[in-house]
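Shown next, in C-alpha cells, is the structure this report addresses.
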Amino acid sequence: MKKIFLLLTTCFSLFFAFQGCELTSEMYDSINPTIYPRTERDARDLVTAAAYVPFRNSEYDGIFNIATGVFLTADIASDYGFCSWDDGGLWARMYFAQWTPGDTRNVTHGWDFLNSISKMTLTIDRISGLDINEEVKQQLIAEVQCAQGFMAFLIYDLFGPLIIPDLATLKDPLTEKILPRLSHEETQAFIVNSLTDAAQYLPYSYKRGDSNYGRFTKGLCHMVLFKFYMQTRQWDKAIEQGRELMKPEYGYTLVTDKGGATSAYANIFTVANEQNEETIWSAVCKEGYQIHLWYPHVLPNNCTFFNGGWGGYKMTWDFFHTFEEGDDRRETILYEYETTSGVLLNEENKGTSGNSLADGVFPLKYAVESNVGDHCETDWIVYRYADALTLLAEALVRQTNTISSEAIDLLNQVRTRASLPPYTDSDFTDVRDFLDKLLLERAHELYFEGSRRQDLIRDRSYVDHMNAKCKAFGQAELVTDAHLLFPLRESVINEGKGIIKQNPGF
Amino acid sequence: MALLSCLAFTAEADSPQDAVKVTGTVTDETGTGLIGASVLEKGTTNGTATDLDGHFGITVPRGATLVINYLGFLPVSLNIQAGKSHYDVALSSDFHSLDEVVVVGYGVQKKRDLTGAVTSVKMDDSPVATFSTVSHALAGKAAGLRVTQTSAQVGGGATFRIRGETSINAGNDPLIIIDGFPISSSSNLGSGTRYQAGSTDNILESINPNDIESIEILKDASATAIYGSRAGHGVIIVTTKRGKQGKLQVNYSGNMSVQQMKNGYRMLDAQGFMKHWNEVEYEKYMKNNGMDVYADYISVNPNPSPFVSRFSEEQIANAQTTDWFNEVTRTGIQQSHNVSLVGGTETAQYLASINYFTQDGVIKNNGMNRLTANFNLDQQFSKYVKVGLSVNLSRNQYDNVPLGDNAWENAGVIVSAVMYSPYIPVRDENGDYSISPELAQTPNPVSLLEITDKTIKDRLLGSAYLQVEPVKGLLLKASLGVDRKYAKRKNYLPTTTMYGLAENGRAFITQEDKNDYLMDLTANYIKSVGDHSLSLLAGYSYQEFNTEGFNAGNYDFPIDGFLYNNLAAGGGAKPSVESWASKSALGSYFGRLNYSFKGKYLLTATIRADGASNFNPEYRWGYFPSASLGWRFSDEEFMEPLNGILSNGKLRGGYGQTGNSNVGNRILDTYKPGADYAFGTTGATSVEVNQLGNPKLTWETTSEFNIGIDLGFFNNRINASVEYYNRIVSDLLVTEKSLLSYHEINKIAANIGKTQGGGVEITLNTVNVTNKRFQWTTDLSFSTYKDRWLERDPEWKPAAYQSVDDPIRSLFLYRSNGLLQIGEAAPAWQKALLPGQIKLKNLADIEGTSDVLDQYDRVLIGSSDPEFTFGFNNTLRYKNFDFNVYFYGEVGRWRSGSYYENWIAGNAGNQLRNLAIASLDSWTHANQSATVPSLLPSTYKTQTDLSDYWYKKVSFVRCRNITVGYTLPLPKYIAKQVRLYADVNNPFVLTNWNGVDPETDKDAYSYPNVTGFSFGVDISF
C-alpha cells in the first residue's frame, strides 16, 4: 500500500510539475518593433526599403523590371514595340492596345505599387522621431519624399488619379476607410509638392565614384517635375524645369566620347561609363544585390555572343526603317547577325520565330558585357540628360508655337552626337513638322527607355499611331482614347464598393 | 444461415457424471493454430487457454458444454459427447465483432459502445507493400475521408480531407496521430534554383506500411473534440503493431514491381507539328491580309506579299520525330522487403521490424528509397507498474528531377518534354543538347536530367510511457515523446543545362530541423456497478514545436564535378546564405466521461481546453466540449423477435466543438530584412515592416452535429452505417484577409465569417458467401458533402458575381455562346473576334460597361467539389487462393479542359510549341464546322480561359488493384505460412476525362500515372 501511495504521489507531482510548461512563441528571425528602429543604420535600412526597393530593376522585382515594369510595358504598348512571346495573348493585347479590365501582369503592374507610397509616408513618420543626426535625417526624409513624387508620377502616367491616404489613416489599418481616387488636381498637387519639398534638401547630383551614387537627387526631382509638366502640357513650368537642369551645379552633359564602345551613344550604356554625367538617375546594379534581365529578354538564343537569349522584345521593322543611314543609334540595334549555325539573318533573310528577325529587330542598346549569364550588372539608366534637352526643345516650340534657334540647337545637340547632320531652319516646313521630327528624334534616341508612349500621348497622336500599327499587322483597328490609360484591377474596383471609379471605357 | 463451420460429433453413451479428459485443437479457417483462445466450461470458471499450436486439454464432466472464444472470431459451443475425447475446432472469423476495440483519442473503446462517428480502415486486403506511402492506399477506404493523390510522382503527396473543406485559409488537413503522438508535416525544402521537385508525401512517408495495425478515422466532433484545437478537420489515428505474447514469430514479406506509364500525352509528331504550324501560319497570313473568310473582319490588303511556309516540303519529308516524352521516361521498378519479429511473454512483449523500399520512377532519375526500423517493448514491472518504449526510425531519400508545372524559362522535365519541338534531335551536331528555335527560353528536356538534386529526410518518432494501476480500475499514465524531423536537400545545376550554363553552375544545400516534444499525463478510471458502467479520463498534454533551418548556395564553379560538395569553390559575387528559427507550444487539459446503462443507453461527453502560444494570453484558451448519446435498440427486449434478422442496431447522435489554430505566429507587427539595393559600388541592406499583427487573433471553431445509425443483419453478415452531419465553422481563420490595397501591409491574419458544411456517409460491409472453401466479402463506402459560405466578414468586398452564400470552391465563369460563324458580326464586347473564335455572352450590363467583358458577365456555375466519392472492395477466398479487387472514384467534379483540349494552336499564340493532336481539328477557313476553336488566338483569351467553353463534370472510377494470392500448403515445420501473390496496381480507369489521369492531373503537365505489376511473397515462421 505504501508503494502505491508513493507511486501516486510521484504521478501527481509529475502532473503538477509540468503545469509550468511555458506557452511561448518565438520568431527568432524577425525584429520586434518595440526595439526598432533606433540608430542611423536603422533609418538608412528603412529608407532603402521604402524609397529605393520599389524602384528596382532586379530580375522580376521592382517597378522598372524588364518583364513587367512600367517602362517596358509602355514601350511595348507604343508604336514600335513588339514581343514574340504569347503568354495567353497578353503581349498581343499590349502591343495592339487591346487590354481589357480582366488583364493583370503588365497591365496592372504599376498600380500594384500604389501602397509603396503609403510605406513611404509611414517611413517618414518612423524615422522623424529618431534621435539621430538631423542633417542625415532631413536628407533621408527628402529621399523618401522624392520617391513619393516619382512613384506617384509613374502610376499617374499609366492609370490616372491615385488614392493617397493620410498618415492617420495609414496608422490605423484595421479601421476600414475606403478612399476615392483623388482628382487630377489633387494627384498633381501631390506629385508637385513631394518633389518640390524633396528638392530643397537633396544634393544637386552625385558625381562619378561617390559612394552615395544612385540615391535620389535634386536633379531627379526636377527631371520628374519636368516630365510631369510636359505630360500635363504646362509648357511654361516645364521650361523652368528644363532650364533648371541645365544649370552648371548639376553638371549634366551629354556623353560625347565613345570610350571603348562603338560610338558615343553606345558608350552611354556601358559598364565602363556607368555613373556618367549624362545620367540623371539610374538603378545601380551589382551582382548579388540588383541585377537586371535585359539580355535574355531581348536577345535571341541563336546569336554567337550571348547564351540563353529568349528572343522576346522587338522593335518593328516599320519603325526601324525610320532610322537614317549613319545614325549611331541604329547600330545599337541588332538588325543583322550570324546565327550559331552560320546563317546570316537580315532584312532579306529574316528567318522564322522569335529567335530571328521575323517579328522585328532586337533593341539591344546595352552592349553585351559585364553579365553573369542572364544577369546584367550594368546600371539601368532611367532618366538622362538627352531626354531633358529634347523635351525642352519641344516645350519651347509648343509654348511659343514658333521654332526658335534655341530649340533647334537643343535638338541638334542630341542629333549630332549620333553622328547625324544638324538640322537647320530650312529643314522644317512648320511647327508641326518640327514636332514630328523632334518626336522621331526622341524615339530614335530614347527607344526602349520608356518615353515613346508619353511622347505620343502628349502629342495627342497615340490613338492614330497605334491604329496604324494594328492595320500594318492585319489587326482590327480598335484603339480609342480609353487606351491612353490602363484599367485598374477589378479587385480594386470591388474593394472600392462604388467609391473607387474605374477608368472610362473599362 | 449458420456461419459456423459444421462439426460432426459422434455420440457415445456414457454416464454424464463422469469426468472426462478432452483434448483438441483450435484453428482459424485456414487451419492455422490459434494461440491463447479461451476454452471454458459453460456456466463455470473451469477453463484453459490454447497453447502456441492451438492445442488445449481440459477435464470436464460428461455432457458439459465448452465455449471457445477468440477475439475476432465467432464463439463456438461444443457439446462433449460420450466416447469422443479429441475435438478439432475451426473458428470462423467474426466479420464485424462488436467487441472489437477501436482506437479513440487517448484510449480504446469497444465498437458497441461508440457514440461518435469513427471508421476503422482495414488494411488487411490491401497490397500495402506495393505502395510507396500508405497515403496512396487510403483513397475510398473510409466514407467521409477523401484522399487525393496530388502527384503520381515517386512518393507523391496526397491530401486528406475529412468531411469536406470548410476552412478557408487555415488548412483543411486532419490531425494525424501516430501511436498517440500528434505529428506535423516534415519539411518541404526549396531547391535554391528555379526548379521544383513536385509534391512528395510529407506526413505519412516515414511510416512503414507493413507496421500499421489499424487506422481509425475520427470524423464528428464528439469523437474528435478530445483533440480540441487541432481537430476541426477530423483526426486520423494510425496505430502501429506492437509485441504480442507468444513464441517468436518471424515474418518476411517481399515485393517486386514493374511500373509502366499508363497514359502518355498525345502530342504531334515531327511531320504533324511542321504541317500544322504551316497551316496555322497560313491562316494567320490570310487573316492579316483580310483574305477569304476574313475579308469582313480585317481591312483587305490589295497587295499581299506571297506566303512563305515556315517549314518546306523537303524539311517536312526529311524530319525525324524525337519523342521527347520517350526520352525522359523509362520503366519504373519498385521493390520492398520487410522483416518483423514479434514475440513476448506474459510480462514483456516486443516487436522489431525493418523495412526497405526502393523505387525508380517512370521519369528517368526520379527515385526514392526508404529504410525504416521500428522497435517497441512493453514490460510489466509489477502488478501495478508497466513501462513501454517505441522507437520508429526512418530515412527517406529522394532523387528529385525538376517537376514543377512552371512553363517557359522555368519549365521542368515534363513541361519541357511536352512543349518541345518534335522535329529537333536530342543533341545537335556538336553533341550538345539542342535548343528549340521556337522555345528559346525553355531548356532541352533531356538536359534537365543532368541536374543532381537529392533530398534526405530522417525521422525519429520515439516515445516512452510509465503506466501505474494503483487501485483496480484506475490507470495513471505518463508518456513522453519526441518527433524529430530532419531534412536536407542538395542540389546542383550543371553547366550542361541552359540555366546552369548561364551561371557556370549553381549549387545549393539546405537543411531544416524540426523537433516536436510531447508530454501526456492521463488518468483513466473504469467502474461498473450493476447496470451502470462508467469510464472517466482526465489528462494534461503539452507539446512544443521547434523549427530551425539553414541554407547556403554558390554559383560560378570552375568544374561541374564538385556538385554541391565544395561551395567555396564557386566564384559567385554574393553567395546566398539564410537561416531561420521559430518556436511555439500548445498546452491542454482534457477529460472524457463514458457512461452506459444496461449496455444499451450510452453517453459520451468530452471537454478539452487548449492554450496555444501563437495567440495573445486573453485569446489563448479555447474550450471544446462535446456530448453524444447512443441507443442500442437491438438490445431492447421488444426487438428480440427480430434478432435473427437484425443482429445489431444502434442509433447515435452528438454535438460538439473543435478548433483550428493553424495560422502560425501572426499576432505581432514585425520587421524583417527586405530586398537588397546598391549605392555607388556597394550593396545595401534594407529592413521593412513585413507583418501586420492582429492581437485579437483566436481559434476558428467548428460546431458539428452528427447523427448516425449502425445496423447489422443476419448475425452481422450485412453491416451498414449511415452518418449525417452538419457543421458550422465560425471565426474562420485566414492568414491573408485583404485590407484596403493602399495600405503598406494590405493583408492580415484575422477571424472572418462562417462557413457551413453538411454531408452523408454510408458504409456497407457484406459477407456475400461463406463456407469452408469459398468466401466473398464486399465493402462499400460512399460520401457526399456540400460546403458553402454562411456569413462573410463585415468588410468583405465581393466581386460583382459573388454572393454571400456561394459554395466555398465556386466557379465563376463567363458563358460561352459557341464559335463566331462566317459572316456573323463580332459582338460589340468582342470587337476583335474572328470567325471560329469563342463568343462570350455579355450578361449584366451596367452603365458604361455594355461593350466590355468584365466581372459583371461572370456567373456561378457550380462548385469544384465532386458530387460524391466512393470506394468498392471485394475479397474472395477459395481454398488456398485469395483474390482482391478494389475500386474507388469520384463523380461530378467540374473541371476545365484537360491538356488535350487546351493545347491547341488557338491557345498557343505565336510561339511554336508542340500541341495536342486535338489541335488538328481546329476551326480553319477550310474546316468551318469544327468545335475546336480557331487556329488563330483570340484577343479575348483572358476571358475565354475563364469561360465555361471547356468545362464539364468529370467522373472516374479507378481500379486501384487486383491481387491474387496463393497460400502454399506447406508443412508447419518449414514455415507457418507462405503466401505468394501477384498484383496489378492501377490497371484501368473509367472516366470521361481525356487528360492523362483524372485524379493526378492538376491543370497540365502532370506526372503520368503508372500501372504497376508486382509479385510478392509473405512468409511467417
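Following the order of the C-alpha cells, chains are lettered A, B, ..., residues in each are numbered from 1, and ligands are numbered from 1.
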>> as a list in words, please: every residue in region 16-230 of chain A that a backbone DSSP assignment puts in strand (DSSP E).
In response: Glu26, Met27, Gly81, Phe82 and Cys83 of chain A
Where does chain A meet chain B within 6 Å, residue by residue, with the nearest atom pair and distance in Å to one decimal for each, counting only C-alpha atoms, listed by chain and rising number, as JSON lines?
{"residue": "A:Ile4", "atom": "CA", "partner": "B:Pro470", "partner_atom": "CA", "distance": 5.3}
{"residue": "A:Leu23", "atom": "CA", "partner": "B:Ser613", "partner_atom": "CA", "distance": 4.7}
{"residue": "A:Thr24", "atom": "CA", "partner": "B:Ser613", "partner_atom": "CA", "distance": 4.9}
{"residue": "A:Ser25", "atom": "CA", "partner": "B:Ser584", "partner_atom": "CA", "distance": 4.2}
{"residue": "A:Glu26", "atom": "CA", "partner": "B:Lys583", "partner_atom": "CA", "distance": 4.9}
{"residue": "A:Met27", "atom": "CA", "partner": "B:Ser582", "partner_atom": "CA", "distance": 4.6}
{"residue": "A:Tyr28", "atom": "CA", "partner": "B:Ala581", "partner_atom": "CA", "distance": 5.3}
{"residue": "A:Asp29", "atom": "CA", "partner": "B:Trp580", "partner_atom": "CA", "distance": 5.5}
{"residue": "A:Ser30", "atom": "CA", "partner": "B:Lys672", "partner_atom": "CA", "distance": 5.4}
{"residue": "A:Ile31", "atom": "CA", "partner": "B:Tyr671", "partner_atom": "CA", "distance": 4.9}
{"residue": "A:Asn32", "atom": "CA", "partner": "B:Thr670", "partner_atom": "CA", "distance": 5.4}
{"residue": "A:Pro33", "atom": "CA", "partner": "B:Thr670", "partner_atom": "CA", "distance": 6.0}
{"residue": "A:Asp45", "atom": "CA", "partner": "B:Ser686", "partner_atom": "CA", "distance": 4.2}
{"residue": "A:Leu46", "atom": "CA", "partner": "B:Val687", "partner_atom": "CA", "distance": 5.1}
{"residue": "A:Thr48", "atom": "CA", "partner": "B:Ser686", "partner_atom": "CA", "distance": 5.3}
{"residue": "A:Ala49", "atom": "CA", "partner": "B:Ser686", "partner_atom": "CA", "distance": 4.9}
{"residue": "A:Trp85", "atom": "CA", "partner": "B:Gln911", "partner_atom": "CA", "distance": 5.9}
{"residue": "A:Asp86", "atom": "CA", "partner": "B:Gly909", "partner_atom": "CA", "distance": 5.3}
{"residue": "A:Asn115", "atom": "CA", "partner": "B:Tyr742", "partner_atom": "CA", "distance": 4.5}
{"residue": "A:Ser118", "atom": "CA", "partner": "B:Glu744", "partner_atom": "CA", "distance": 5.4}
{"residue": "A:Lys119", "atom": "CA", "partner": "B:Glu744", "partner_atom": "CA", "distance": 4.8}
{"residue": "A:Asp210", "atom": "CA", "partner": "B:Gly680", "partner_atom": "CA", "distance": 5.9}
{"residue": "A:Ser211", "atom": "CA", "partner": "B:Gly680", "partner_atom": "CA", "distance": 4.3}
{"residue": "A:Asn212", "atom": "CA", "partner": "B:Gly680", "partner_atom": "CA", "distance": 5.3}
{"residue": "A:Tyr213", "atom": "CA", "partner": "B:Gly680", "partner_atom": "CA", "distance": 4.5}
{"residue": "A:Gly214", "atom": "CA", "partner": "B:Phe679", "partner_atom": "CA", "distance": 5.2}
{"residue": "A:Val284", "atom": "CA", "partner": "B:Ala678", "partner_atom": "CA", "distance": 5.6}
{"residue": "A:Gly288", "atom": "CA", "partner": "B:Lys574", "partner_atom": "CA", "distance": 4.8}
{"residue": "A:Tyr289", "atom": "CA", "partner": "B:Asp676", "partner_atom": "CA", "distance": 5.0}
{"residue": "A:Gln290", "atom": "CA", "partner": "B:Tyr677", "partner_atom": "CA", "distance": 5.8}
{"residue": "A:Asn301", "atom": "CA", "partner": "B:Ala440", "partner_atom": "CA", "distance": 5.5}
{"residue": "A:Trp310", "atom": "CA", "partner": "B:Gln441", "partner_atom": "CA", "distance": 4.6}
{"residue": "A:Ser353", "atom": "CA", "partner": "B:Glu438", "partner_atom": "CA", "distance": 5.8}
{"residue": "A:Gly373", "atom": "CA", "partner": "B:Ala502", "partner_atom": "CA", "distance": 3.9}
{"residue": "A:Gly474", "atom": "CA", "partner": "B:Asn288", "partner_atom": "CA", "distance": 3.8}
{"residue": "A:Ala476", "atom": "CA", "partner": "B:Ile298", "partner_atom": "CA", "distance": 5.7}
{"residue": "A:Asn494", "atom": "CA", "partner": "B:Ala799", "partner_atom": "CA", "distance": 5.5}
{"residue": "A:Glu495", "atom": "CA", "partner": "B:Lys797", "partner_atom": "CA", "distance": 5.1}
>> Would you compute the distance between CA of Phe71 (chain A) and CA of Ile499 (chain A)? Give it in Å to one decimal.
In response: 29.3 Å
>> Env of Thr496 (chain B): 9 Å cut, atoms = only C-alpha atoms, seq-sep filter 4 positions within chain, self excluded. Answer as number ranges by chain.
In response: B: 432-433, 447-448, 450-451, 500-501, 505, 560
With N, CA and C atoms kept, could you save the residues just selected as a short mmCIF file (atom, residue, chain, number, x, y, z; two decimals), in the first residue's frame?
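And here is the file that came out, result_4.cif:
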data_model
loop_
_atom_site.label_atom_id
_atom_site.label_comp_id
_atom_site.auth_asym_id
_atom_site.auth_seq_id
_atom_site.Cartn_x
_atom_site.Cartn_y
_atom_site.Cartn_z
N ASP B 432 26.07 18.74 -78.31
CA ASP B 432 25.44 19.47 -77.21
C ASP B 432 23.93 19.29 -77.27
N TYR B 433 23.29 19.52 -76.15
CA TYR B 433 21.83 19.44 -76.15
C TYR B 433 21.29 20.50 -77.10
N SER B 447 18.26 17.54 -71.13
CA SER B 447 19.35 18.19 -70.39
C SER B 447 19.01 18.35 -68.92
N LEU B 448 17.73 18.49 -68.64
CA LEU B 448 17.33 18.70 -67.24
C LEU B 448 17.59 17.48 -66.37
N GLU B 450 20.30 16.11 -66.18
CA GLU B 450 21.68 16.22 -65.70
C GLU B 450 21.75 16.84 -64.31
N ILE B 451 20.65 17.40 -63.87
CA ILE B 451 20.65 18.06 -62.56
C ILE B 451 20.74 17.02 -61.45
N GLY B 500 22.13 26.42 -65.87
CA GLY B 500 23.37 26.12 -65.19
C GLY B 500 24.51 26.80 -65.92
N LEU B 501 24.46 26.73 -67.25
CA LEU B 501 25.49 27.36 -68.07
C LEU B 501 25.48 28.88 -67.86
N GLY B 505 27.13 26.97 -63.37
CA GLY B 505 26.82 26.01 -62.31
C GLY B 505 26.32 26.69 -61.06
N ASP B 560 32.06 21.18 -63.02
CA ASP B 560 30.80 20.63 -62.54
C ASP B 560 31.01 19.53 -61.50
#
>> Please extract the residues of region 15-263 of chain A with a backbone DSSP assignment of helix (DSSP H, G or I) and present them as a PyMOL selection string.
In response: chain A and resi 15-20+33-35+40-55+70-76+90-95+105-107+111-128+134-159+167-171+184-201+218-231+235-245
>> Which residues are close to Ile381 (chain A), i.e. within 9 Å by only C-alpha atoms, leaving aside same-chain residues fewer than 6 positions away? Reply as a PyMOL selection string.
In response: chain A and resi 268-269+279-284+449
Dump N, CA and C atoms for the selected residues as an mmCIF file, in the first residue's frame?
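Here's the written file part26.cif:
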data_model
loop_
_atom_site.group_PDB
_atom_site.id
_atom_site.type_symbol
_atom_site.label_atom_id
_atom_site.label_comp_id
_atom_site.auth_asym_id
_atom_site.auth_seq_id
_atom_site.Cartn_x
_atom_site.Cartn_y
_atom_site.Cartn_z
ATOM 1 N N ILE A 268 27.052 55.427 -73.640
ATOM 2 C CA ILE A 268 26.209 55.811 -72.500
ATOM 3 C C ILE A 268 25.862 54.579 -71.675
ATOM 4 N N PHE A 269 25.753 53.439 -72.381
ATOM 5 C CA PHE A 269 25.163 52.250 -71.752
ATOM 6 C C PHE A 269 26.192 51.167 -71.462
ATOM 7 N N THR A 279 23.741 60.780 -67.173
ATOM 8 C CA THR A 279 22.703 60.059 -66.439
ATOM 9 C C THR A 279 22.148 60.919 -65.308
ATOM 10 N N ILE A 280 20.859 61.090 -65.309
ATOM 11 C CA ILE A 280 20.228 61.837 -64.215
ATOM 12 C C ILE A 280 19.888 60.898 -63.061
ATOM 13 N N TRP A 281 19.376 59.739 -63.398
ATOM 14 C CA TRP A 281 19.211 58.723 -62.345
ATOM 15 C C TRP A 281 19.246 57.330 -62.956
ATOM 16 N N SER A 282 19.947 56.438 -62.280
ATOM 17 C CA SER A 282 19.963 55.042 -62.722
ATOM 18 C C SER A 282 19.801 54.146 -61.512
ATOM 19 N N ALA A 283 19.245 52.966 -61.752
ATOM 20 C CA ALA A 283 19.167 51.946 -60.696
ATOM 21 C C ALA A 283 20.530 51.256 -60.692
ATOM 22 N N VAL A 284 21.240 51.395 -59.589
ATOM 23 C CA VAL A 284 22.606 50.870 -59.518
ATOM 24 C C VAL A 284 22.568 49.346 -59.409
ATOM 25 N N GLU A 449 13.355 53.249 -73.698
ATOM 26 C CA GLU A 449 13.674 53.879 -72.409
ATOM 27 C C GLU A 449 12.409 54.443 -71.773
#
> How many Å lie between CA of Thr352 (chain A) and CA of Asp318 (chain A), rounded to one decimal?
Replying inline: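 Pair CA of Thr352 (chain A) / CA of Asp318 (chain A) returns 17.5 Å.
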> Nearest to Pro182 (chain B) among B:Tyr517, B:Tyr465, B:Phe883, B:Phe325, with distances taken over only C-alpha atoms: which residue is it?
Replying inline: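 Counting only C-alpha atoms, the residue closest to Pro182 (chain B) is B:Tyr517.
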